[in-house]
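One file, coords-v3.pdb, carrying PDB, C-alpha atoms:
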ATOM      1  CA  ALA A 692       7.022 -58.144   2.378
ATOM      2  CA  SER A 693       5.242 -61.339   3.363
ATOM      3  CA  GLN A 694       3.408 -61.644   6.674
ATOM      4  CA  GLN A 695       6.229 -63.865   7.940
ATOM      5  CA  GLN A 696       8.860 -61.290   6.956
ATOM      6  CA  GLU A 697       6.933 -58.454   8.635
ATOM      7  CA  TYR A 698       6.536 -60.540  11.776
ATOM      8  CA  ASP A 699      10.184 -61.626  11.770
ATOM      9  CA  ALA A 700      11.339 -57.998  11.410
ATOM     10  CA  ALA A 701       9.257 -56.934  14.431
ATOM     11  CA  TYR A 702      10.466 -59.942  16.431
ATOM     12  CA  ALA A 703      14.091 -59.101  15.602
ATOM     13  CA  LEU A 704      13.604 -55.537  16.869
ATOM     14  CA  MET A 705      12.284 -56.922  20.143
ATOM     15  CA  LYS A 706      15.131 -59.411  20.498
ATOM     16  CA  ASP A 707      17.594 -56.533  20.013
ATOM     17  CA  GLY A 708      15.909 -54.560  22.810
ATOM     18  CA  HIS A 709      14.161 -51.991  20.585
ATOM     19  CA  TYR A 710      10.896 -52.453  22.482
ATOM     20  CA  GLU A 711       9.119 -49.262  21.374
ATOM     21  CA  ARG A 712       9.821 -49.880  17.679
ATOM     22  CA  ALA A 713       8.983 -53.560  18.040
ATOM     23  CA  MET A 714       5.610 -52.745  19.639
ATOM     24  CA  LYS A 715       4.838 -50.252  16.894
ATOM     25  CA  GLU A 716       5.594 -52.891  14.249
ATOM     26  CA  LEU A 717       3.696 -55.635  16.084
ATOM     27  CA  ARG A 718       0.625 -53.409  16.463
ATOM     28  CA  ALA A 719       0.831 -52.473  12.763
ATOM     29  CA  PHE A 720       1.107 -56.179  11.919
ATOM     30  CA  LEU A 721      -2.033 -56.927  13.962
ATOM     31  CA  ALA A 722      -3.916 -54.081  12.297
ATOM     32  CA  ARG A 723      -2.949 -55.331   8.824
ATOM     33  CA  HIS A 724      -3.317 -59.067   9.493
ATOM     34  CA  PRO A 725      -5.834 -59.595  12.342
ATOM     35  CA  SER A 726      -6.616 -63.148  11.251
ATOM     36  CA  SER A 727      -3.027 -64.182  10.526
ATOM     37  CA  GLY A 728      -1.759 -67.379  12.098
ATOM     38  CA  LEU A 729       0.928 -65.144  13.625
ATOM     39  CA  ALA A 730      -1.497 -62.597  15.122
ATOM     40  CA  ASP A 731      -1.644 -64.319  18.506
ATOM     41  CA  ASN A 732       2.160 -64.423  18.671
ATOM     42  CA  ALA A 733       2.304 -60.718  17.817
ATOM     43  CA  GLN A 734      -0.127 -59.949  20.654
ATOM     44  CA  TYR A 735       1.916 -62.081  23.066
ATOM     45  CA  TRP A 736       5.173 -60.298  22.161
ATOM     46  CA  ILE A 737       3.566 -56.878  22.706
ATOM     47  CA  GLY A 738       3.090 -58.033  26.295
ATOM     48  CA  GLU A 739       6.711 -59.173  26.474
ATOM     49  CA  CYS A 740       7.925 -55.775  25.211
ATOM     50  CA  LEU A 741       5.883 -53.992  27.875
ATOM     51  CA  TYR A 742       7.120 -56.386  30.564
ATOM     52  CA  SER A 743      10.711 -55.761  29.471
ATOM     53  CA  LYS A 744      10.064 -52.019  29.864
ATOM     54  CA  LYS A 745       8.783 -52.741  33.421
ATOM     55  CA  MET A 746       5.296 -51.588  32.347
ATOM     56  CA  TYR A 747       3.686 -54.470  34.200
ATOM     57  CA  ALA A 748       0.067 -53.274  34.288
ATOM     58  CA  GLU A 749       0.173 -52.604  30.541
ATOM     59  CA  ALA A 750       1.760 -56.000  29.913
ATOM     60  CA  ILE A 751      -1.102 -57.648  31.820
ATOM     61  CA  GLU A 752      -3.587 -55.784  29.612
ATOM     62  CA  ALA A 753      -1.780 -57.013  26.487
ATOM     63  CA  TRP A 754      -1.917 -60.621  27.705
ATOM     64  CA  ASN A 755      -5.580 -60.261  28.704
ATOM     65  CA  THR A 756      -6.226 -59.195  25.105
ATOM     66  CA  LEU A 757      -4.387 -62.332  23.935
ATOM     67  CA  PHE A 758      -6.622 -64.535  26.121
ATOM     68  CA  LYS A 759      -9.788 -62.772  24.931
ATOM     69  CA  ASP A 760      -9.013 -62.494  21.210
ATOM     70  CA  PHE A 761      -7.096 -65.756  20.728
ATOM     71  CA  PRO A 762      -8.580 -68.311  23.152
ATOM     72  CA  ALA A 763      -7.010 -71.240  21.264
ATOM     73  CA  SER A 764      -3.509 -69.738  21.008
ATOM     74  CA  ASP A 765      -0.492 -71.903  21.779
ATOM     75  CA  LYS A 766       0.859 -68.811  23.581
ATOM     76  CA  LEU A 767      -1.772 -69.042  26.350
ATOM     77  CA  PRO A 768       0.360 -70.983  28.857
ATOM     78  CA  ASP A 769       3.297 -68.584  28.422
ATOM     79  CA  GLY A 770       1.005 -65.566  28.592
ATOM     80  CA  ARG A 771      -0.613 -66.809  31.799
ATOM     81  CA  VAL A 772       2.741 -67.442  33.496
ATOM     82  CA  LYS A 773       4.089 -64.062  32.419
ATOM     83  CA  LYS A 774       0.873 -62.409  33.614
ATOM     84  CA  GLY A 775       1.487 -64.078  36.980
ATOM     85  CA  MET A 776       5.050 -62.753  37.042
ATOM     86  CA  ALA A 777       3.799 -59.244  36.206
ATOM     87  CA  LEU A 778       1.201 -59.490  38.981
ATOM     88  CA  GLU A 779       3.971 -60.466  41.400
ATOM     89  CA  ARG A 780       6.009 -57.419  40.323
ATOM     90  CA  LEU A 781       2.948 -55.307  41.168
ATOM     91  CA  GLY A 782       2.725 -56.922  44.610
ATOM     92  CA  ARG A 783      -0.395 -58.904  43.741
ATOM     93  CA  LYS A 784       0.917 -62.288  44.868
ATOM     94  CA  SER A 785      -2.444 -63.988  45.490
ATOM     95  CA  GLN A 786      -3.632 -63.126  41.960
ATOM     96  CA  ALA A 787      -0.313 -64.364  40.577
ATOM     97  CA  LEU A 788      -0.800 -67.727  42.310
ATOM     98  CA  VAL A 789      -4.200 -68.074  40.617
ATOM     99  CA  GLU A 790      -2.506 -67.713  37.214
ATOM    100  CA  TYR A 791       0.196 -70.250  38.079
ATOM    101  CA  ARG A 792      -2.338 -72.788  39.341
ATOM    102  CA  TYR A 793      -4.408 -72.318  36.172
ATOM    103  CA  VAL A 794      -1.386 -73.072  33.973
ATOM    104  CA  VAL A 795      -0.454 -76.183  35.968
ATOM    105  CA  ALA A 796      -4.054 -77.452  35.826
ATOM    106  CA  ARG A 797      -4.782 -76.622  32.169
ATOM    107  CA  PHE A 798      -1.374 -77.143  30.541
ATOM    108  CA  PRO A 799       0.385 -79.629  32.857
ATOM    109  CA  ASN A 800       3.047 -80.744  30.361
ATOM    110  CA  SER A 801       4.041 -77.301  29.087
ATOM    111  CA  GLN A 802       7.287 -75.460  29.712
ATOM    112  CA  ALA A 803       5.080 -72.751  31.248
ATOM    113  CA  ALA A 804       3.724 -75.268  33.789
ATOM    114  CA  ARG A 805       7.270 -76.093  34.871
ATOM    115  CA  ILE A 806       7.904 -72.396  35.529
ATOM    116  CA  ALA A 807       4.534 -72.075  37.276
ATOM    117  CA  ARG A 808       5.308 -75.034  39.564
ATOM    118  CA  GLU A 809       8.627 -73.424  40.567
ATOM    119  CA  ARG A 810       6.805 -70.196  41.393
ATOM    120  CA  LEU A 811       4.186 -72.066  43.409
ATOM    121  CA  THR A 812       6.842 -73.803  45.529
ATOM    122  CA  PRO A 813       7.724 -71.586  48.506
TER     123      PRO A 813
END

File written out as structure tokens:
Amino acid sequence: ASQQQEYDAAYALMKDGHYERAMKELRAFLARHPSSGLADNAQYWIGECLYSKKMYAEAIEAWNTLFKDFPASDKLPDGRVKKGMALERLGRKSQALVEYRYVVARFPNSQAARIARERLTP
């Protein structure tokens, strides 16, 4: 299978709600193709799987790995907003606001910034 096919198969599992299997496939994809153009997306979706399982602290870790390993990823704005949402779920509102403000400042025209602005508006 091509990298794209492997990635698409893992993504499809996630979309169908098979979060455990999707994470297993996404992690295997990252192990096999660490420098793939899809590696950052795979790391982002691991966070989404964890968030969907209400494993918020683990989701935050996954997104922190995204920020560290893929600093130029186009998934950064989305990851930052979702990290903020996970922080809110954990009752860490002030830390969440920091993430939202960062997204609005750094990526003002992104879809993520629109979500961040809504979350910043009381």

Using all atoms listed in the file, what table do you get, as CSV, when you list each residue of segment 739-768 of chain A with an atom no more than 9 Å from segment 698-714 of chain A, its nearest pair of atoms, and their distance in Å rounded to one decimal, rows by chain then rising number?
residue,atom,partner,partner_atom,distance
A:Glu739,CA,A:Met705,CA,8.7
A:Cys740,CA,A:Tyr710,CA,5.2
A:Leu741,CA,A:Tyr710,CA,7.5
A:Ser743,CA,A:Tyr710,CA,7.7
A:Lys744,CA,A:Tyr710,CA,7.4

For the structure shown, which residues end up in the PyMOL selection byres ((chain A and resi 721-736) around 7)? Put them as a count of residues only, please? 15

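Between Arg797 of chain A and the candidates A:Glu779, A:Ser785, A:Val772, A:Glu809, the tightest atom-to-atom separation, counting all atoms listed in the file, involves A:Val772.
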
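Note that the spacing between atom CA of Gly782 of chain A and atom CA of Tyr747 of chain A amounts to 10.7 Å.
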
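Going from atom CA of Ala763 of chain A over to atom CA of Ile751 of chain A, you cover 18.2 Å.
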
Translate the PyMOL selection byres ((chain A and resi 798) around 12), as applied to the file shown, into an explicit residue set as a ChimeraX atom specification. /A:765-772,790-797,799-808

Can you work out the spacing between atom CA of Ala748 of chain A and atom CA of Gly775 of chain A in Å, to one decimal? 11.2 Å

With 3 Å added on each side, what axis-aligned box encloses every listed atom of segment 733-749 of chain A? Give the centre and edge lengths in Å to one decimal, as JSON.
{"center_x": 5.3, "center_y": -56.8, "center_z": 26.1, "size_x": 16.8, "size_y": 16.5, "size_z": 22.5}
